[in-house]
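First the structure, in the form of structure tokens, and then the observations on it.
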Amino acid sequence: MTRRFAVNCSILFTETPLLDRPAAARAAGFGEVEFWWPWPGEPDPPGAEVDAFCQAVEDAGVRLIGLNLYAGDMPAGERGALSDPSRVEEFRACLPVVRRIAERTGVRSFNALYGQRLDGAAASDQDRTATENLVHAARSVGEFGGTLLIEPLARGLNGAYPLETAADAMAVVSRVRAAGAANVRFLFDTFHLATNGDDLERAAREHAADIGHVQIADAPGRGRPGTGRIDFDRLFAVLDGIGYTGRIALEYVLQGPSPEEFGWTTS
């Protein structure tokens, strides 16, 4: 089966300025890209910056297939703001920006990072806020055919992030669907799931109908396939077997020259 690989331009091509990365991805042979939220700590950036981001994608001749929603200040260690009861307006301020980007680029998949547990805030209050925000965001992106993605993150690397396994993510997906938003799915990330001890093949089979997107990096180390212990040939066979036909996004840390880091995709 021919696989369609995309490349995450927030973790890859970091040697170049952000707006030059879509062109770098095209030069490396990729036609589809994804990004984390491009403006850390800023849910509502100036319109000129949003337009410049969209123009960079368009000028490079690549397709934007995934975008993180606003997740706080990720360089400072935050991994989402949507579960913080004190930041509801801050999180929701990103949604008009998301619509603007979607209208320009056609992106329809949006990763909604949940946010770490907070000292002084009850977990139940955070979960209630998260559900309300996710329903609101799902309805917002649903107006133009978008889908929200819920992702577990690696334990010990992302603070007290409460979603660690496929089951954790699916519990949130189910909760949001029960609250009235159907366009929410599971983001299957090999590095995070494997780091936390999930059986990747079993998780893929158990949640086949709910996987909205796949991101890959080996574990341990978060390098390209072949640098860790994940058997990607077996995993890709499982993804083929369950009928996954979406993109597989490369979200790993480069460990050598780009030709060597991407050469495996054509072997």
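Letters for chains follow the order of the structure tokens (A, B, ...), residue numbers begin at 1 for each chain, and ligand numbers begin at 1 in the order shown.
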
Gly221 in chain A surroundings by only C-alpha atoms, 9 Å radius, close-in-sequence under 3 positions cut, as a PyMOL selection string:
chain A and resi 191+217-218+224+227-228+252-253

Just list the residues in range 84-243 of chain A DSSP gives strand (DSSP E or B) on the backbone, as a ChimeraX atom specification.
/A:109-111,147-150,184-189,211-216

Check the DSSP output for the backbone and give back, as a PDB file with N, CA, C and O atoms, in the first residue's frame, the residues of range 172-202 of chain A in helix (DSSP H, G or I).
```pdb
ATOM      1  N   VAL A 172     -11.989  10.764  26.866  1.00  0.00           N
ATOM      2  CA  VAL A 172     -12.330  12.158  26.573  1.00  0.00           C
ATOM      3  C   VAL A 172     -13.162  12.244  25.298  1.00  0.00           C
ATOM      4  O   VAL A 172     -14.171  12.962  25.237  1.00  0.00           O
ATOM      5  N   VAL A 173     -12.763  11.523  24.271  1.00  0.00           N
ATOM      6  CA  VAL A 173     -13.534  11.494  23.029  1.00  0.00           C
ATOM      7  C   VAL A 173     -14.985  11.099  23.316  1.00  0.00           C
ATOM      8  O   VAL A 173     -15.937  11.754  22.849  1.00  0.00           O
ATOM      9  N   SER A 174     -15.167  10.049  24.100  1.00  0.00           N
ATOM     10  CA  SER A 174     -16.515   9.569  24.407  1.00  0.00           C
ATOM     11  C   SER A 174     -17.303  10.602  25.207  1.00  0.00           C
ATOM     12  O   SER A 174     -18.504  10.799  24.975  1.00  0.00           O
ATOM     13  N   ARG A 175     -16.623  11.257  26.145  1.00  0.00           N
ATOM     14  CA  ARG A 175     -17.287  12.255  26.976  1.00  0.00           C
ATOM     15  C   ARG A 175     -17.756  13.446  26.142  1.00  0.00           C
ATOM     16  O   ARG A 175     -18.864  13.958  26.326  1.00  0.00           O
ATOM     17  N   VAL A 176     -16.927  13.879  25.220  1.00  0.00           N
ATOM     18  CA  VAL A 176     -17.279  15.020  24.383  1.00  0.00           C
ATOM     19  C   VAL A 176     -18.394  14.639  23.409  1.00  0.00           C
ATOM     20  O   VAL A 176     -19.324  15.427  23.173  1.00  0.00           O
ATOM     21  N   ARG A 177     -18.331  13.452  22.873  1.00  0.00           N
ATOM     22  CA  ARG A 177     -19.406  13.007  21.987  1.00  0.00           C
ATOM     23  C   ARG A 177     -20.732  12.929  22.745  1.00  0.00           C
ATOM     24  O   ARG A 177     -21.781  13.343  22.232  1.00  0.00           O
ATOM     25  N   ALA A 178     -20.673  12.419  23.970  1.00  0.00           N
ATOM     26  CA  ALA A 178     -21.897  12.311  24.771  1.00  0.00           C
ATOM     27  C   ALA A 178     -22.481  13.679  25.087  1.00  0.00           C
ATOM     28  O   ALA A 178     -23.700  13.812  25.306  1.00  0.00           O
ATOM     29  N   THR A 190       2.687   7.346  17.880  1.00  0.00           N
ATOM     30  CA  THR A 190       3.435   6.146  18.288  1.00  0.00           C
ATOM     31  C   THR A 190       4.405   6.421  19.427  1.00  0.00           C
ATOM     32  O   THR A 190       4.563   5.588  20.325  1.00  0.00           O
ATOM     33  N   PHE A 191       5.066   7.575  19.404  1.00  0.00           N
ATOM     34  CA  PHE A 191       6.057   7.864  20.441  1.00  0.00           C
ATOM     35  C   PHE A 191       5.407   7.989  21.809  1.00  0.00           C
ATOM     36  O   PHE A 191       5.851   7.371  22.775  1.00  0.00           O
ATOM     37  N   HIS A 192       4.374   8.784  21.908  1.00  0.00           N
ATOM     38  CA  HIS A 192       3.733   8.996  23.200  1.00  0.00           C
ATOM     39  C   HIS A 192       3.126   7.700  23.740  1.00  0.00           C
ATOM     40  O   HIS A 192       3.295   7.366  24.919  1.00  0.00           O
ATOM     41  N   LEU A 193       2.417   6.969  22.884  1.00  0.00           N
ATOM     42  CA  LEU A 193       1.769   5.748  23.336  1.00  0.00           C
ATOM     43  C   LEU A 193       2.788   4.688  23.756  1.00  0.00           C
ATOM     44  O   LEU A 193       2.654   4.056  24.813  1.00  0.00           O
ATOM     45  N   ALA A 194       3.817   4.501  22.940  1.00  0.00           N
ATOM     46  CA  ALA A 194       4.825   3.491  23.268  1.00  0.00           C
ATOM     47  C   ALA A 194       5.598   3.870  24.521  1.00  0.00           C
ATOM     48  O   ALA A 194       5.912   3.007  25.350  1.00  0.00           O
ATOM     49  N   THR A 195       5.918   5.147  24.679  1.00  0.00           N
ATOM     50  CA  THR A 195       6.637   5.596  25.864  1.00  0.00           C
ATOM     51  C   THR A 195       5.850   5.280  27.133  1.00  0.00           C
ATOM     52  O   THR A 195       6.428   4.934  28.173  1.00  0.00           O
ATOM     53  N   LEU A 200       0.984  -0.808  20.768  1.00  0.00           N
ATOM     54  CA  LEU A 200       0.540  -0.027  19.617  1.00  0.00           C
ATOM     55  C   LEU A 200      -0.390  -0.819  18.702  1.00  0.00           C
ATOM     56  O   LEU A 200      -1.408  -0.284  18.237  1.00  0.00           O
ATOM     57  N   GLU A 201      -0.057  -2.064  18.454  1.00  0.00           N
ATOM     58  CA  GLU A 201      -0.878  -2.849  17.538  1.00  0.00           C
ATOM     59  C   GLU A 201      -2.257  -3.100  18.130  1.00  0.00           C
ATOM     60  O   GLU A 201      -3.277  -2.988  17.437  1.00  0.00           O
ATOM     61  N   ARG A 202      -2.312  -3.417  19.404  1.00  0.00           N
ATOM     62  CA  ARG A 202      -3.605  -3.649  20.046  1.00  0.00           C
ATOM     63  C   ARG A 202      -4.427  -2.363  20.087  1.00  0.00           C
ATOM     64  O   ARG A 202      -5.636  -2.373  19.818  1.00  0.00           O
TER      65      ARG A 202
END
```

Suppose you want the space between CA of Asn158 in chain A and CA of Cys54 in chain A; what is it in Å?
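So the answer is 28.9 Å.
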
Counting only C-alpha atoms, which residues in range 136-167 of chain A sit no more than 9 Å from range 106-114 of chain A? For each one, give the nearest pair of atoms and the distance in Å, sorted by chain then residue number, as JSON lines.
```
{"residue": "A:Ala137", "atom": "CA", "partner": "A:Ala112", "partner_atom": "CA", "distance": 8.9}
{"residue": "A:Val141", "atom": "CA", "partner": "A:Arg108", "partner_atom": "CA", "distance": 7.8}
{"residue": "A:Gly142", "atom": "CA", "partner": "A:Arg108", "partner_atom": "CA", "distance": 9.0}
{"residue": "A:Phe144", "atom": "CA", "partner": "A:Arg108", "partner_atom": "CA", "distance": 7.9}
{"residue": "A:Gly145", "atom": "CA", "partner": "A:Arg108", "partner_atom": "CA", "distance": 6.5}
{"residue": "A:Gly146", "atom": "CA", "partner": "A:Arg108", "partner_atom": "CA", "distance": 4.3}
{"residue": "A:Thr147", "atom": "CA", "partner": "A:Ser109", "partner_atom": "CA", "distance": 5.1}
{"residue": "A:Leu148", "atom": "CA", "partner": "A:Phe110", "partner_atom": "CA", "distance": 4.9}
{"residue": "A:Leu149", "atom": "CA", "partner": "A:Asn111", "partner_atom": "CA", "distance": 4.6}
{"residue": "A:Ile150", "atom": "CA", "partner": "A:Ala112", "partner_atom": "CA", "distance": 5.9}
{"residue": "A:Glu151", "atom": "CA", "partner": "A:Leu113", "partner_atom": "CA", "distance": 6.6}
{"residue": "A:Pro152", "atom": "CA", "partner": "A:Leu113", "partner_atom": "CA", "distance": 8.4}
{"residue": "A:Leu153", "atom": "CA", "partner": "A:Leu113", "partner_atom": "CA", "distance": 8.9}
{"residue": "A:Tyr161", "atom": "CA", "partner": "A:Tyr114", "partner_atom": "CA", "distance": 7.6}
{"residue": "A:Pro162", "atom": "CA", "partner": "A:Tyr114", "partner_atom": "CA", "distance": 8.0}
{"residue": "A:Leu163", "atom": "CA", "partner": "A:Tyr114", "partner_atom": "CA", "distance": 7.7}
```

Residues from the last selection, C-alpha atoms, saved as a PDB file, in the first residue's frame:
```
ATOM      1  CA  ALA A 137     -14.413  24.100  19.750  1.00  0.00           C
ATOM      2  CA  VAL A 141     -14.684  23.831  13.557  1.00  0.00           C
ATOM      3  CA  GLY A 142     -17.614  21.629  12.614  1.00  0.00           C
ATOM      4  CA  PHE A 144     -16.624  24.251   8.142  1.00  0.00           C
ATOM      5  CA  GLY A 145     -16.190  20.472   8.222  1.00  0.00           C
ATOM      6  CA  GLY A 146     -13.389  20.310  10.788  1.00  0.00           C
ATOM      7  CA  THR A 147     -12.535  17.590  13.279  1.00  0.00           C
ATOM      8  CA  LEU A 148     -10.928  17.816  16.720  1.00  0.00           C
ATOM      9  CA  LEU A 149      -8.201  15.348  17.696  1.00  0.00           C
ATOM     10  CA  ILE A 150      -7.423  14.222  21.255  1.00  0.00           C
ATOM     11  CA  GLU A 151      -3.848  13.119  21.960  1.00  0.00           C
ATOM     12  CA  PRO A 152      -2.131  11.370  24.880  1.00  0.00           C
ATOM     13  CA  LEU A 153       1.365  12.651  25.722  1.00  0.00           C
ATOM     14  CA  TYR A 161      -0.661  15.747  31.688  1.00  0.00           C
ATOM     15  CA  PRO A 162      -3.613  13.457  32.471  1.00  0.00           C
ATOM     16  CA  LEU A 163      -3.998  11.743  29.084  1.00  0.00           C
TER      17      LEU A 163
END
```

Pick from A:Pro38, A:Gly77, A:Gly246, A:Gly197, whichever lies nearest to Ile65 in chain A using only C-alpha atoms:
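Going through A:Pro38, A:Gly77, A:Gly246, A:Gly197 one by one, the smallest distance to Ile65 in chain A is for A:Gly246.
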
Near Asp198 in chain A, counting only C-alpha atoms, which residues have an atom at most 12 Å away, once you skip same-chain residues fewer than 5 positions from it, shown as a VMD selection string?
chain A and resid 152 to 155 164 to 168 188 to 193 203 to 204 206 219 230

Polymer residues at most 8 Å from Phe91 in chain A, only C-alpha atoms, same-chain spacing of 3 or more positions, as a PDB file with all heavy atoms, in the first residue's frame:
```pdb
ATOM      1  N   PRO A  43      -3.097  33.533  21.751  1.00  0.00           N
ATOM      2  CA  PRO A  43      -4.227  32.879  21.086  1.00  0.00           C
ATOM      3  C   PRO A  43      -4.802  33.679  19.922  1.00  0.00           C
ATOM      4  O   PRO A  43      -5.442  33.109  19.039  1.00  0.00           O
ATOM      5  CB  PRO A  43      -5.261  32.753  22.211  1.00  0.00           C
ATOM      6  CG  PRO A  43      -4.944  33.881  23.146  1.00  0.00           C
ATOM      7  CD  PRO A  43      -3.447  34.013  23.100  1.00  0.00           C
ATOM      8  N   TYR A  70      -4.641  26.519  20.023  1.00  0.00           N
ATOM      9  CA  TYR A  70      -3.836  27.231  21.012  1.00  0.00           C
ATOM     10  C   TYR A  70      -3.614  26.347  22.227  1.00  0.00           C
ATOM     11  O   TYR A  70      -4.548  25.774  22.778  1.00  0.00           O
ATOM     12  CB  TYR A  70      -4.554  28.516  21.408  1.00  0.00           C
ATOM     13  CG  TYR A  70      -3.883  29.264  22.533  1.00  0.00           C
ATOM     14  CD1 TYR A  70      -2.650  29.876  22.339  1.00  0.00           C
ATOM     15  CD2 TYR A  70      -4.484  29.364  23.788  1.00  0.00           C
ATOM     16  CE1 TYR A  70      -2.031  30.574  23.367  1.00  0.00           C
ATOM     17  CE2 TYR A  70      -3.877  30.063  24.815  1.00  0.00           C
ATOM     18  CZ  TYR A  70      -2.649  30.658  24.607  1.00  0.00           C
ATOM     19  OH  TYR A  70      -2.038  31.342  25.631  1.00  0.00           O
ATOM     20  N   ALA A  71      -2.343  26.234  22.658  1.00  0.00           N
ATOM     21  CA  ALA A  71      -1.983  25.326  23.750  1.00  0.00           C
ATOM     22  C   ALA A  71      -1.189  26.014  24.846  1.00  0.00           C
ATOM     23  O   ALA A  71      -0.416  25.379  25.555  1.00  0.00           O
ATOM     24  CB  ALA A  71      -1.194  24.136  23.194  1.00  0.00           C
ATOM     25  N   ALA A  81      -4.359  24.701  27.246  1.00  0.00           N
ATOM     26  CA  ALA A  81      -5.000  25.642  28.165  1.00  0.00           C
ATOM     27  C   ALA A  81      -6.488  25.363  28.307  1.00  0.00           C
ATOM     28  O   ALA A  81      -7.152  25.998  29.107  1.00  0.00           O
ATOM     29  CB  ALA A  81      -4.790  27.071  27.664  1.00  0.00           C
ATOM     30  N   LEU A  82      -6.997  24.403  27.573  1.00  0.00           N
ATOM     31  CA  LEU A  82      -8.447  24.251  27.493  1.00  0.00           C
ATOM     32  C   LEU A  82      -9.087  23.628  28.733  1.00  0.00           C
ATOM     33  O   LEU A  82     -10.311  23.674  28.893  1.00  0.00           O
ATOM     34  CB  LEU A  82      -8.839  23.468  26.234  1.00  0.00           C
ATOM     35  CG  LEU A  82      -8.390  22.010  26.083  1.00  0.00           C
ATOM     36  CD1 LEU A  82      -9.342  21.035  26.745  1.00  0.00           C
ATOM     37  CD2 LEU A  82      -8.271  21.668  24.602  1.00  0.00           C
ATOM     38  N   ARG A  87      -8.992  30.141  32.174  1.00  0.00           N
ATOM     39  CA  ARG A  87      -8.482  30.551  30.858  1.00  0.00           C
ATOM     40  C   ARG A  87      -9.449  30.242  29.715  1.00  0.00           C
ATOM     41  O   ARG A  87      -9.046  30.093  28.568  1.00  0.00           O
ATOM     42  CB  ARG A  87      -7.125  29.883  30.592  1.00  0.00           C
ATOM     43  CG  ARG A  87      -6.083  30.216  31.639  1.00  0.00           C
ATOM     44  CD  ARG A  87      -4.809  29.415  31.476  1.00  0.00           C
ATOM     45  NE  ARG A  87      -4.005  29.878  30.356  1.00  0.00           N
ATOM     46  CZ  ARG A  87      -2.829  29.347  30.029  1.00  0.00           C
ATOM     47  NH1 ARG A  87      -2.332  28.336  30.745  1.00  0.00           N
ATOM     48  NH2 ARG A  87      -2.142  29.815  28.997  1.00  0.00           N
ATOM     49  N   VAL A  88     -10.732  30.163  30.028  1.00  0.00           N
ATOM     50  CA  VAL A  88     -11.716  29.812  29.009  1.00  0.00           C
ATOM     51  C   VAL A  88     -11.721  30.824  27.869  1.00  0.00           C
ATOM     52  O   VAL A  88     -11.653  30.456  26.683  1.00  0.00           O
ATOM     53  CB  VAL A  88     -13.117  29.684  29.633  1.00  0.00           C
ATOM     54  CG1 VAL A  88     -14.178  29.498  28.543  1.00  0.00           C
ATOM     55  CG2 VAL A  88     -13.151  28.492  30.604  1.00  0.00           C
ATOM     56  N   CYS A  94      -8.737  31.672  20.210  1.00  0.00           N
ATOM     57  CA  CYS A  94      -8.024  31.140  19.040  1.00  0.00           C
ATOM     58  C   CYS A  94      -8.971  30.687  17.938  1.00  0.00           C
ATOM     59  O   CYS A  94      -8.545  30.542  16.787  1.00  0.00           O
ATOM     60  CB  CYS A  94      -7.101  29.994  19.441  1.00  0.00           C
ATOM     61  SG  CYS A  94      -7.885  28.361  19.626  1.00  0.00           S
ATOM     62  N   LEU A  95     -10.226  30.467  18.249  1.00  0.00           N
ATOM     63  CA  LEU A  95     -11.116  29.815  17.282  1.00  0.00           C
ATOM     64  C   LEU A  95     -11.418  30.668  16.050  1.00  0.00           C
ATOM     65  O   LEU A  95     -11.451  30.135  14.932  1.00  0.00           O
ATOM     66  CB  LEU A  95     -12.390  29.353  17.976  1.00  0.00           C
ATOM     67  CG  LEU A  95     -12.141  28.277  19.059  1.00  0.00           C
ATOM     68  CD1 LEU A  95     -13.427  27.953  19.804  1.00  0.00           C
ATOM     69  CD2 LEU A  95     -11.536  27.014  18.441  1.00  0.00           C
TER      70      LEU A  95
END
```

Tell me which of A:Gly61, A:Gly72, A:Gly115, A:Pro96 sits closest to Asp84 in chain A, counting only C-alpha atoms.
A:Gly115

Determine, counting only C-alpha atoms, which protein, DNA and RNA residues have an atom within 9 Å of an atom of Pro85 in chain A; residues of the same chain fewer than 4 positions away are not included. Present the result as a PyMOL selection string.
chain A and resi 81+121+125-126+128-130

If you count only C-alpha atoms, which residues fall within 8 Å of Ser258 in chain A, apart from same-chain ones fewer than 4 positions away, as a PyMOL selection string?
chain A and resi 28+254+262

Kindly export the residues of the current selection with C-alpha atoms, as a CSV table (one decimal), in the first residue's frame.
```csv
chain,number,residue,atom,x,y,z
A,28,ALA,CA,12.5,17.6,0.9
A,254,LEU,CA,16.3,14.9,13.5
A,262,PHE,CA,13.8,11.0,5.4
```

Which residue of A:Leu69, A:Ala249, A:Ala209, A:Val238 approaches Gly41 in chain A most closely, using only C-alpha atoms:
A:Leu69

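Coordinates place CA of Ala102 in chain A at a distance of 17.9 Å from CA of Leu134 in chain A.
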